[in-house]
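Shown next: work19.cif, containing mmCIF, C-alpha atoms.
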```cif
data_entry
loop_
_atom_site.label_atom_id
_atom_site.label_comp_id
_atom_site.auth_asym_id
_atom_site.auth_seq_id
_atom_site.Cartn_x
_atom_site.Cartn_y
_atom_site.Cartn_z
CA MET A 433 102.15 240.32 -28.15
CA LEU A 434 105.93 240.47 -28.43
CA SER A 435 107.53 243.48 -26.75
CA PHE A 436 110.97 244.41 -25.49
CA GLU A 437 109.55 244.48 -21.96
CA ARG A 438 108.57 240.85 -22.27
CA ILE A 439 112.08 239.76 -23.24
CA SER A 440 113.95 242.44 -21.31
CA ASP A 441 115.94 240.01 -19.18
CA HIS A 442 117.09 237.99 -22.23
CA GLU A 443 120.11 238.87 -24.32
CA GLN A 444 118.77 237.59 -27.62
CA VAL A 445 115.65 235.97 -29.06
CA VAL A 446 115.79 234.60 -32.60
CA PHE A 447 112.76 233.58 -34.67
CA CYS A 448 113.66 230.99 -37.30
CA ASN A 449 111.59 230.32 -40.42
CA ASP A 450 112.50 228.08 -43.35
CA GLU A 451 109.75 227.67 -45.94
CA ASP A 452 111.38 224.79 -47.78
CA THR A 453 111.44 222.46 -44.76
CA GLY A 454 108.53 223.96 -42.82
CA LEU A 455 110.83 224.83 -39.91
CA LYS A 456 109.40 227.29 -37.42
CA ALA A 457 111.58 227.68 -34.34
CA ILE A 458 112.59 230.11 -31.62
CA ILE A 459 116.03 230.29 -30.00
CA ALA A 460 116.28 232.21 -26.73
CA ILE A 461 119.61 233.18 -25.18
CA HIS A 462 119.04 234.33 -21.61
CA ASN A 463 122.50 235.05 -20.20
CA THR A 464 126.06 234.37 -21.37
CA THR A 465 127.95 235.74 -18.37
CA LEU A 466 129.37 232.30 -17.58
CA GLY A 467 130.00 231.36 -21.21
CA PRO A 468 128.13 230.46 -24.41
CA ALA A 469 124.47 229.59 -23.87
CA LEU A 470 123.68 225.89 -23.57
CA GLY A 471 120.26 224.29 -23.64
CA GLY A 472 118.26 221.60 -25.38
CA CYS A 473 115.82 221.91 -28.26
CA ARG A 474 112.31 220.61 -27.77
CA MET A 475 109.69 219.99 -30.44
CA ARG A 476 106.01 220.39 -29.65
CA PRO A 477 102.84 221.25 -31.57
CA TYR A 478 102.39 224.55 -29.75
CA VAL A 479 98.92 225.99 -30.35
CA THR A 480 100.29 229.50 -30.90
CA VAL A 481 103.63 231.18 -31.44
CA ASP A 482 102.96 233.03 -28.20
CA ASP A 483 102.82 229.71 -26.33
CA ALA A 484 106.14 228.66 -27.86
CA LEU A 485 107.72 231.98 -26.95
CA GLU A 486 106.53 231.76 -23.35
CA ASP A 487 107.98 228.26 -23.05
CA VAL A 488 111.38 229.09 -24.54
CA LEU A 489 111.79 232.25 -22.43
CA ARG A 490 111.01 230.37 -19.23
CA LEU A 491 113.20 227.38 -20.07
CA SER A 492 116.19 229.44 -21.19
CA LYS A 493 116.19 231.44 -17.96
CA GLY A 494 116.07 228.19 -16.01
CA MET A 495 119.14 226.97 -17.90
CA THR A 496 121.14 230.00 -16.71
CA TYR A 497 120.55 228.95 -13.12
CA LYS A 498 121.09 225.29 -13.89
CA CYS A 499 124.46 225.93 -15.55
CA ALA A 500 125.54 228.15 -12.65
CA ALA A 501 124.55 225.54 -10.07
CA ALA A 502 126.36 222.78 -11.97
CA ASP A 503 129.49 224.96 -12.18
CA VAL A 504 129.92 224.56 -15.92
CA ASP A 505 131.28 227.43 -17.99
CA PHE A 506 128.08 227.99 -19.94
CA GLY A 507 125.14 230.32 -19.79
CA GLY A 508 121.47 229.68 -20.30
CA GLY A 509 119.65 229.19 -23.59
CA LYS A 510 116.92 227.04 -25.10
CA ALA A 511 115.28 226.35 -28.45
CA VAL A 512 111.80 225.20 -29.40
CA ILE A 513 110.58 223.89 -32.75
CA ILE A 514 106.88 224.35 -33.44
CA GLY A 515 105.60 221.10 -34.88
CA ASP A 516 104.41 217.58 -34.24
CA PRO A 517 107.47 215.33 -33.78
CA GLU A 518 105.49 212.36 -35.08
CA GLN A 519 104.58 214.04 -38.38
CA ASP A 520 106.82 217.05 -39.00
CA ARG A 521 110.30 215.68 -38.17
CA SER A 522 112.70 215.31 -41.10
CA PRO A 523 116.48 215.33 -41.66
CA GLU A 524 116.11 218.45 -43.81
CA LEU A 525 114.24 220.32 -41.07
CA PHE A 526 117.00 219.66 -38.55
CA ARG A 527 119.68 220.64 -41.03
CA ALA A 528 117.85 223.92 -41.52
CA PHE A 529 117.69 224.34 -37.76
CA GLY A 530 121.42 223.65 -37.58
CA GLN A 531 122.05 226.48 -40.03
CA PHE A 532 120.22 228.93 -37.77
CA VAL A 533 122.23 227.72 -34.78
CA GLU A 534 125.46 228.18 -36.73
CA SER A 535 124.45 231.74 -37.63
CA LEU A 536 124.78 232.62 -33.93
CA ASN A 537 128.56 232.14 -34.19
CA GLY A 538 129.09 229.96 -31.13
CA ARG A 539 126.78 231.85 -28.78
CA PHE A 540 124.40 228.88 -28.44
CA TYR A 541 124.95 225.12 -28.12
CA THR A 542 122.02 222.72 -28.21
CA GLY A 543 120.93 219.09 -28.36
CA THR A 544 118.01 216.80 -27.66
CA ASP A 545 115.08 217.61 -25.39
CA MET A 546 111.40 216.70 -25.23
CA GLY A 547 110.16 215.62 -28.66
CA THR A 548 113.61 215.39 -30.25
CA THR A 549 116.19 212.60 -30.39
CA PRO A 550 120.00 212.40 -30.56
CA ASP A 551 119.68 211.19 -34.16
CA ASP A 552 117.90 214.43 -35.10
CA PHE A 553 121.01 216.32 -34.12
CA VAL A 554 123.25 214.08 -36.16
CA HIS A 555 121.57 215.87 -39.08
CA ALA A 556 121.82 219.31 -37.45
CA ARG A 557 125.51 218.66 -36.80
CA LYS A 558 126.15 218.59 -40.53
CA GLU A 559 125.46 222.33 -40.54
CA THR A 560 126.97 223.46 -37.23
CA HIS A 561 129.55 222.44 -34.66
CA CYS A 562 127.36 223.78 -31.82
CA ILE A 563 125.66 220.47 -31.06
CA VAL A 564 125.90 218.25 -27.96
CA GLY A 565 124.40 214.94 -26.92
CA VAL A 566 124.80 213.05 -30.19
CA PRO A 567 125.23 209.24 -30.11
CA GLU A 568 128.62 207.86 -29.11
CA ALA A 569 129.15 206.60 -32.67
CA TYR A 570 129.27 210.26 -33.74
CA GLY A 571 131.63 211.37 -31.00
CA GLY A 572 129.02 212.04 -28.32
CA SER A 573 129.12 211.06 -24.67
CA GLY A 574 126.26 208.56 -24.61
CA ASP A 575 123.01 208.23 -22.69
CA SER A 576 122.54 211.34 -20.52
CA SER A 577 119.95 209.57 -18.35
CA VAL A 578 122.82 207.70 -16.66
CA PRO A 579 124.43 210.76 -15.00
CA THR A 580 120.99 212.34 -14.49
CA SER A 581 119.80 209.35 -12.46
CA LEU A 582 123.10 209.21 -10.57
CA GLY A 583 122.68 212.88 -9.69
CA VAL A 584 119.24 212.12 -8.24
CA ILE A 585 120.81 209.42 -6.08
CA TYR A 586 123.40 211.89 -4.77
CA GLY A 587 120.58 214.35 -4.13
CA LEU A 588 118.70 211.73 -2.14
CA LYS A 589 121.83 210.92 -0.15
CA ALA A 590 122.36 214.60 0.72
CA THR A 591 118.71 214.87 1.76
CA ASN A 592 118.92 211.77 3.94
CA LYS A 593 121.99 213.20 5.63
CA MET A 594 120.08 216.39 6.40
CA LEU A 595 116.95 214.60 7.62
CA PHE A 596 118.29 211.48 9.31
CA GLY A 597 121.95 212.19 10.05
CA SER A 598 123.13 209.51 7.62
CA ASP A 599 123.17 209.48 3.84
CA SER A 600 122.40 205.77 3.66
CA LEU A 601 119.52 204.86 1.36
CA PHE A 602 118.85 201.58 3.17
CA GLY A 603 115.49 201.06 4.82
CA LYS A 604 113.95 204.36 3.71
CA ARG A 605 110.70 204.61 1.78
CA TYR A 606 110.59 206.42 -1.56
CA ALA A 607 107.58 207.24 -3.75
CA ILE A 608 108.72 207.46 -7.38
CA GLN A 609 106.43 209.13 -9.88
CA GLY A 610 107.49 208.09 -13.37
CA LEU A 611 109.59 205.12 -14.47
CA GLY A 612 111.09 206.48 -17.66
CA LYS A 613 114.79 206.39 -18.49
CA VAL A 614 115.76 208.28 -15.34
CA GLY A 615 113.05 207.15 -12.92
CA TYR A 616 113.61 203.47 -13.65
CA LYS A 617 117.36 203.75 -13.04
CA VAL A 618 116.73 205.59 -9.77
CA ALA A 619 114.24 202.92 -8.67
CA GLU A 620 116.65 200.11 -9.54
CA THR A 621 119.51 201.72 -7.60
CA LEU A 622 117.29 202.29 -4.56
CA LEU A 623 116.23 198.64 -4.62
CA GLU A 624 119.86 197.56 -4.79
CA GLU A 625 120.52 199.71 -1.71
CA GLY A 626 117.72 198.08 0.27
CA ALA A 627 115.08 200.81 0.05
CA GLU A 628 111.30 200.36 -0.02
CA LEU A 629 109.44 201.80 -3.01
CA TYR A 630 106.04 203.07 -4.02
CA VAL A 631 105.88 203.55 -7.80
CA SER A 632 103.46 204.94 -10.36
CA ASP A 633 103.59 205.23 -14.14
CA ILE A 634 101.17 205.23 -17.06
CA ASN A 635 103.36 202.56 -18.70
CA HIS A 636 102.16 199.20 -17.37
CA GLU A 637 105.20 197.39 -18.75
CA ALA A 638 107.55 199.62 -16.74
CA LEU A 639 105.62 198.76 -13.58
CA LEU A 640 105.88 195.04 -14.33
CA ASN A 641 109.61 195.34 -15.02
CA ILE A 642 110.43 197.11 -11.75
CA SER A 643 108.28 194.63 -9.82
CA SER A 644 110.22 191.77 -11.42
CA ARG A 645 113.50 193.52 -10.60
CA ALA A 646 112.39 193.90 -6.99
CA GLU A 647 111.77 190.17 -6.76
CA GLN A 648 115.27 189.46 -8.06
CA LEU A 649 116.74 191.76 -5.39
CA SER A 650 114.36 190.64 -2.62
CA GLY A 651 113.19 194.23 -2.50
CA SER A 652 109.86 195.88 -1.79
CA VAL A 653 107.76 197.63 -4.47
CA LYS A 654 104.16 198.71 -4.14
CA ILE A 655 102.38 199.90 -7.29
CA VAL A 656 100.21 202.97 -6.73
CA SER A 657 97.53 204.28 -9.07
CA GLY A 658 97.72 207.76 -10.53
CA ASP A 659 97.48 210.67 -8.10
CA ASP A 660 97.54 208.34 -5.08
CA ILE A 661 101.32 208.55 -5.31
CA TYR A 662 101.16 212.00 -3.68
CA SER A 663 99.65 210.74 -0.44
CA THR A 664 101.74 207.65 0.31
CA ASP A 665 103.56 207.42 3.64
CA ALA A 666 106.96 207.50 1.93
CA ASP A 667 109.83 209.36 3.56
CA ILE A 668 110.76 211.07 0.29
CA PHE A 669 108.69 211.78 -2.80
CA VAL A 670 110.74 211.41 -6.01
CA PRO A 671 109.09 213.10 -9.04
CA CYS A 672 110.60 211.84 -12.29
CA ALA A 673 107.85 212.63 -14.78
CA LEU A 674 105.78 215.77 -15.25
CA GLY A 675 106.51 219.32 -14.14
CA GLY A 676 104.14 221.49 -12.11
CA ILE A 677 103.24 218.64 -9.78
CA ILE A 678 103.73 220.77 -6.64
CA ASN A 679 100.66 222.98 -6.84
CA ASP A 680 97.59 224.14 -4.93
CA GLN A 681 95.84 220.80 -5.50
CA THR A 682 98.68 218.51 -4.40
CA ILE A 683 100.61 220.40 -1.76
CA ASN A 684 98.39 219.41 1.17
CA ARG A 685 98.35 215.77 0.10
CA PHE A 686 102.05 215.19 0.69
CA LYS A 687 102.89 213.22 3.84
CA CYS A 688 106.57 212.88 3.00
CA ARG A 689 109.46 214.65 4.71
CA ALA A 690 111.16 215.70 1.48
CA ILE A 691 110.69 216.03 -2.28
CA VAL A 692 113.75 215.28 -4.42
CA GLY A 693 113.56 214.17 -8.05
CA SER A 694 114.49 214.68 -11.68
CA ALA A 695 111.34 216.22 -13.16
CA ASN A 696 111.81 219.72 -14.54
CA ASN A 697 109.89 222.69 -13.10
CA GLN A 698 108.29 220.75 -10.25
CA LEU A 699 107.01 223.91 -8.58
CA LEU A 700 104.00 225.32 -10.40
CA ASP A 701 104.77 228.67 -8.78
CA LEU A 702 107.56 230.01 -6.54
CA LYS A 703 105.03 230.43 -3.73
CA HIS A 704 104.84 226.65 -3.46
CA ALA A 705 108.47 226.51 -2.31
CA GLU A 706 107.54 228.71 0.64
CA LEU A 707 104.44 226.61 1.33
CA LEU A 708 106.59 223.44 1.43
CA LYS A 709 108.94 225.16 3.87
CA ASN A 710 105.99 226.10 6.09
CA ARG A 711 104.82 222.49 6.05
CA GLY A 712 108.27 221.27 7.07
CA ILE A 713 108.88 219.44 3.78
CA LEU A 714 112.46 219.70 2.54
CA TYR A 715 112.61 220.47 -1.18
CA GLY A 716 115.61 219.69 -3.39
CA PRO A 717 115.51 222.30 -6.18
CA ASP A 718 115.05 220.31 -9.37
CA TYR A 719 117.58 222.20 -11.48
CA ILE A 720 120.30 221.16 -9.04
CA VAL A 721 119.16 217.57 -8.52
CA ASN A 722 118.68 216.78 -12.22
CA SER A 723 121.83 218.46 -13.53
CA GLY A 724 123.81 215.25 -14.20
CA GLY A 725 122.76 215.18 -17.85
CA LEU A 726 123.74 218.81 -18.30
CA ILE A 727 127.13 218.13 -16.72
CA GLN A 728 127.70 215.34 -19.26
CA VAL A 729 126.76 217.29 -22.39
CA ALA A 730 128.71 220.36 -21.24
CA ASP A 731 131.75 218.18 -20.63
CA GLU A 732 131.33 216.64 -24.09
CA LEU A 733 132.52 219.91 -25.65
CA TYR A 734 135.93 219.35 -24.08
CA GLY A 735 135.99 215.76 -25.40
CA PRO A 736 133.89 213.02 -23.70
CA ASN A 737 135.39 211.91 -20.39
CA LYS A 738 133.35 209.72 -18.01
CA GLU A 739 135.65 210.38 -15.04
CA ARG A 740 135.15 214.14 -15.29
CA VAL A 741 131.39 213.66 -15.59
CA LEU A 742 131.33 211.44 -12.52
CA ARG A 743 133.31 214.00 -10.53
CA GLY A 744 130.93 216.77 -11.55
CA THR A 745 127.87 214.68 -10.79
CA LYS A 746 129.15 213.78 -7.32
CA ALA A 747 129.38 217.51 -6.59
CA ILE A 748 125.56 217.65 -6.60
CA TYR A 749 125.76 216.20 -3.08
CA GLU A 750 127.87 219.11 -1.79
CA THR A 751 125.91 221.77 -3.67
CA LEU A 752 122.56 220.54 -2.38
CA THR A 753 123.92 220.28 1.16
CA GLU A 754 125.07 223.91 0.94
CA ILE A 755 121.62 224.98 -0.29
CA TYR A 756 119.94 223.21 2.61
CA LEU A 757 122.29 224.84 5.11
CA GLN A 758 121.81 228.33 3.67
CA SER A 759 118.05 227.83 3.66
CA ASN A 760 118.16 227.04 7.39
CA ILE A 761 120.55 229.86 8.27
CA GLN A 762 118.63 232.52 6.35
CA GLY A 763 115.15 231.19 7.11
CA ILE A 764 114.20 231.11 3.43
CA SER A 765 112.94 228.40 1.10
CA THR A 766 115.45 226.08 -0.52
CA GLU A 767 114.39 227.41 -3.94
CA ALA A 768 115.20 230.95 -2.86
CA ALA A 769 118.51 229.79 -1.39
CA ALA A 770 119.37 228.00 -4.65
CA ASN A 771 118.54 231.06 -6.74
CA ASP A 772 120.68 233.25 -4.46
CA PHE A 773 123.53 230.75 -4.75
CA CYS A 774 123.39 230.83 -8.56
CA GLU A 775 123.05 234.60 -8.83
CA SER A 776 126.04 235.05 -6.52
CA ARG A 777 128.14 232.67 -8.65
CA ILE A 778 127.18 234.49 -11.85
CA GLU A 779 128.02 237.88 -10.34
CA SER A 780 131.38 236.71 -9.00
CA ARG A 781 132.51 235.33 -12.35
CA LYS A 782 131.82 238.28 -14.58
CA LYS A 783 134.70 238.91 -17.00
CA ARG A 784 136.31 235.55 -16.14
CA ASN A 785 134.87 233.15 -18.72
CA SER A 786 136.10 234.19 -22.15
CA PHE A 787 138.69 231.39 -22.37
CA PHE A 788 136.38 228.58 -23.43
CA SER A 789 134.53 230.33 -26.22
CA HIS A 790 137.74 231.70 -27.74
CA LYS A 791 139.50 228.37 -27.50
CA LYS A 792 136.59 226.45 -28.96
CA ARG A 793 136.14 228.84 -31.86
CA LEU A 794 139.87 228.69 -32.63
CA LYS A 795 139.77 224.88 -32.52
CA TRP A 796 137.03 224.74 -35.14
CA GLU A 797 138.58 227.44 -37.30
CA VAL A 798 141.79 225.40 -37.43
CA ARG A 799 139.82 222.29 -38.46
CA CYS A 800 138.20 224.18 -41.30
#
```

Would you mind writing the structure in this file as structure tokens?
Amino acid sequence: MLSFERISDHEQVVFCNDEDTGLKAIIAIHNTTLGPALGGCRMRPYVTVDDALEDVLRLSKGMTYKCAAADVDFGGGKAVIIGDPEQDRSPELFRAFGQFVESLNGRFYTGTDMGTTPDDFVHARKETHCIVGVPEAYGGSGDSSVPTSLGVIYGLKATNKMLFGSDSLFGKRYAIQGLGKVGYKVAETLLEEGAELYVSDINHEALLNISSRAEQLSGSVKIVSGDDIYSTDADIFVPCALGGIINDQTINRFKCRAIVGSANNQLLDLKHAELLKNRGILYGPDYIVNSGGLIQVADELYGPNKERVLRGTKAIYETLTEIYLQSNIQGISTEAAANDFCESRIESRKKRNSFFSHKKRLKWEVRC
């Protein structure tokens, strides 16, 4: 049941319904202290509206922290479309969605997420300027998996520095769960750097491709079946697929010294961050490690610039190092240290982020 108590820490929740296109969506704006809300739009056949609401509230709050950690002048928001992306997607539906986004008057910027594609938002962009992550042919900044995977590499380097005294990737063992757009790029880079890999994926072709790539680079790849990836003797476990993989069933299976990867919401519950700390396993908070894609789409609103994106992505190294240090100094989990870091940044920048939204709105008003 919807109640104000349930959404009390969100600024705005918008239910969107368009009978002509069949659009049913929810837009959640969590916090705009740092600037307009920014977050992707996912499309899933949620069983109930309540399930969709729970997802969008959780994801939008996570985006507030992610934007703060990445030091972009945006707050946290998210959108979900209730529907099967294989059957219910249409240009008209995304144009209708774009109209709802535009009705928020620049408070929310969005783009692709699970179940949606950049091309979907080419259609939405016909109705609103508040769209990011479109193809380069339409003025976008390109494949966001490139900076996301690079950010994971910088996260791994920062972790190696903390664990081994050197940020070199050479000679270390990594267990990579998931060889999608991001995971494959991470695996390829690690092979190029002379690392040893364990890999798992439900896509057999991806496993064959990375094995072939390893042969070309004289590297080492061992294919692992399913859940066996959790119990390899890798130095670092690199989750690049599903969320919730650090849970009561898996946490005692890990033999690694650290967990650092791109998957969203890796901790099933906050208690698992404390349990990892007690086991002596260093955890790189996922919303810091995987923020390269966010950095790119946020930068896109200033005009695509690869050099700026690279500079922002490199900063993941310093941010993660600071989180590790604060975790040690305060004797708290790295997740708690990361949350404290983000909350402190948000608090310190109150009343200091009106420039972007005013400038952007003026820019578009002049165009019109």

**Message:** One decimal, in Å: what's the spacing between atom CA of A:Asp633 and atom CA of A:Tyr662?
**Reply:**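 Spanning atom CA of A:Asp633 to atom CA of A:Tyr662 is a straight-line distance of 12.7 Å.
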
**Request:** Would you list the contacts of A:Val564 as a list of chain:residue names, taking every protein, DNA or RNA residue within 8 Å and counting all atoms listed in the file, but skipping same-chain residues closer than 3 positions in sequence?
**Result:** A:Tyr541, A:Thr542, A:Gly543, A:Gly572, A:Val729, A:Ala730, A:Glu732, A:Leu733

**Request:** Evaluate the PyMOL selection byres ((chain A and resi 774-782) around 10) and record the selected residues as a list of chain:residue names, following the chain and residue labels used in the document.
**Result:**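 When the PyMOL selection byres ((chain A and resi 774-782) around 10) is applied, the selected residues are A:Asn463, A:Thr464, A:Thr465, A:Leu466, A:Gly467, A:Thr496, A:Tyr497, A:Lys498, A:Cys499, A:Ala500, A:Ala501, A:Ala502, A:Asp503, A:Asp505, A:Gly507, A:Ala768, A:Ala769, A:Ala770, A:Asn771, A:Asp772, A:Phe773, A:Lys783, A:Arg784, A:Asn785, A:Ser786.
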
**Asked** Quick one: of A:Asp520, A:Asp731, A:Asp482, A:Glu437, who's nearest to A:Gly454, counting all atoms listed in the file?
**Response**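 The answer is A:Asp520, which sits nearest to A:Gly454.
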
**Message:** So the first atom is atom CA of A:Thr745 and the second is atom CA of A:Arg490; what is the distance between them in Å, to one decimal place?
**Reply:** 24.5 Å

**Request:** Give as a ChimeraX atom specification every residue, naming chains and numbers as the document does, that has an atom within 9 Å of (107.4, 219.4, -11.2), counting all atoms listed in the file.
**Result:** /A:671-679,693-700,718

**Item:** Coordinates-based distance that separates atom CA of A:Val578 from atom CA of A:Phe526 (Å, one decimal)
**Value:**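 If I compute the distance from atom CA of A:Phe526 to atom CA of A:Val578, I get 25.6 Å.
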
**Item:** Residue among A:Gly615, A:Gly472, A:Gly716, A:Gly651 lying closest to A:Thr548, counting all atoms listed in the file
**Value:**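 The shortest atom-to-atom distance to A:Thr548 comes from A:Gly472.
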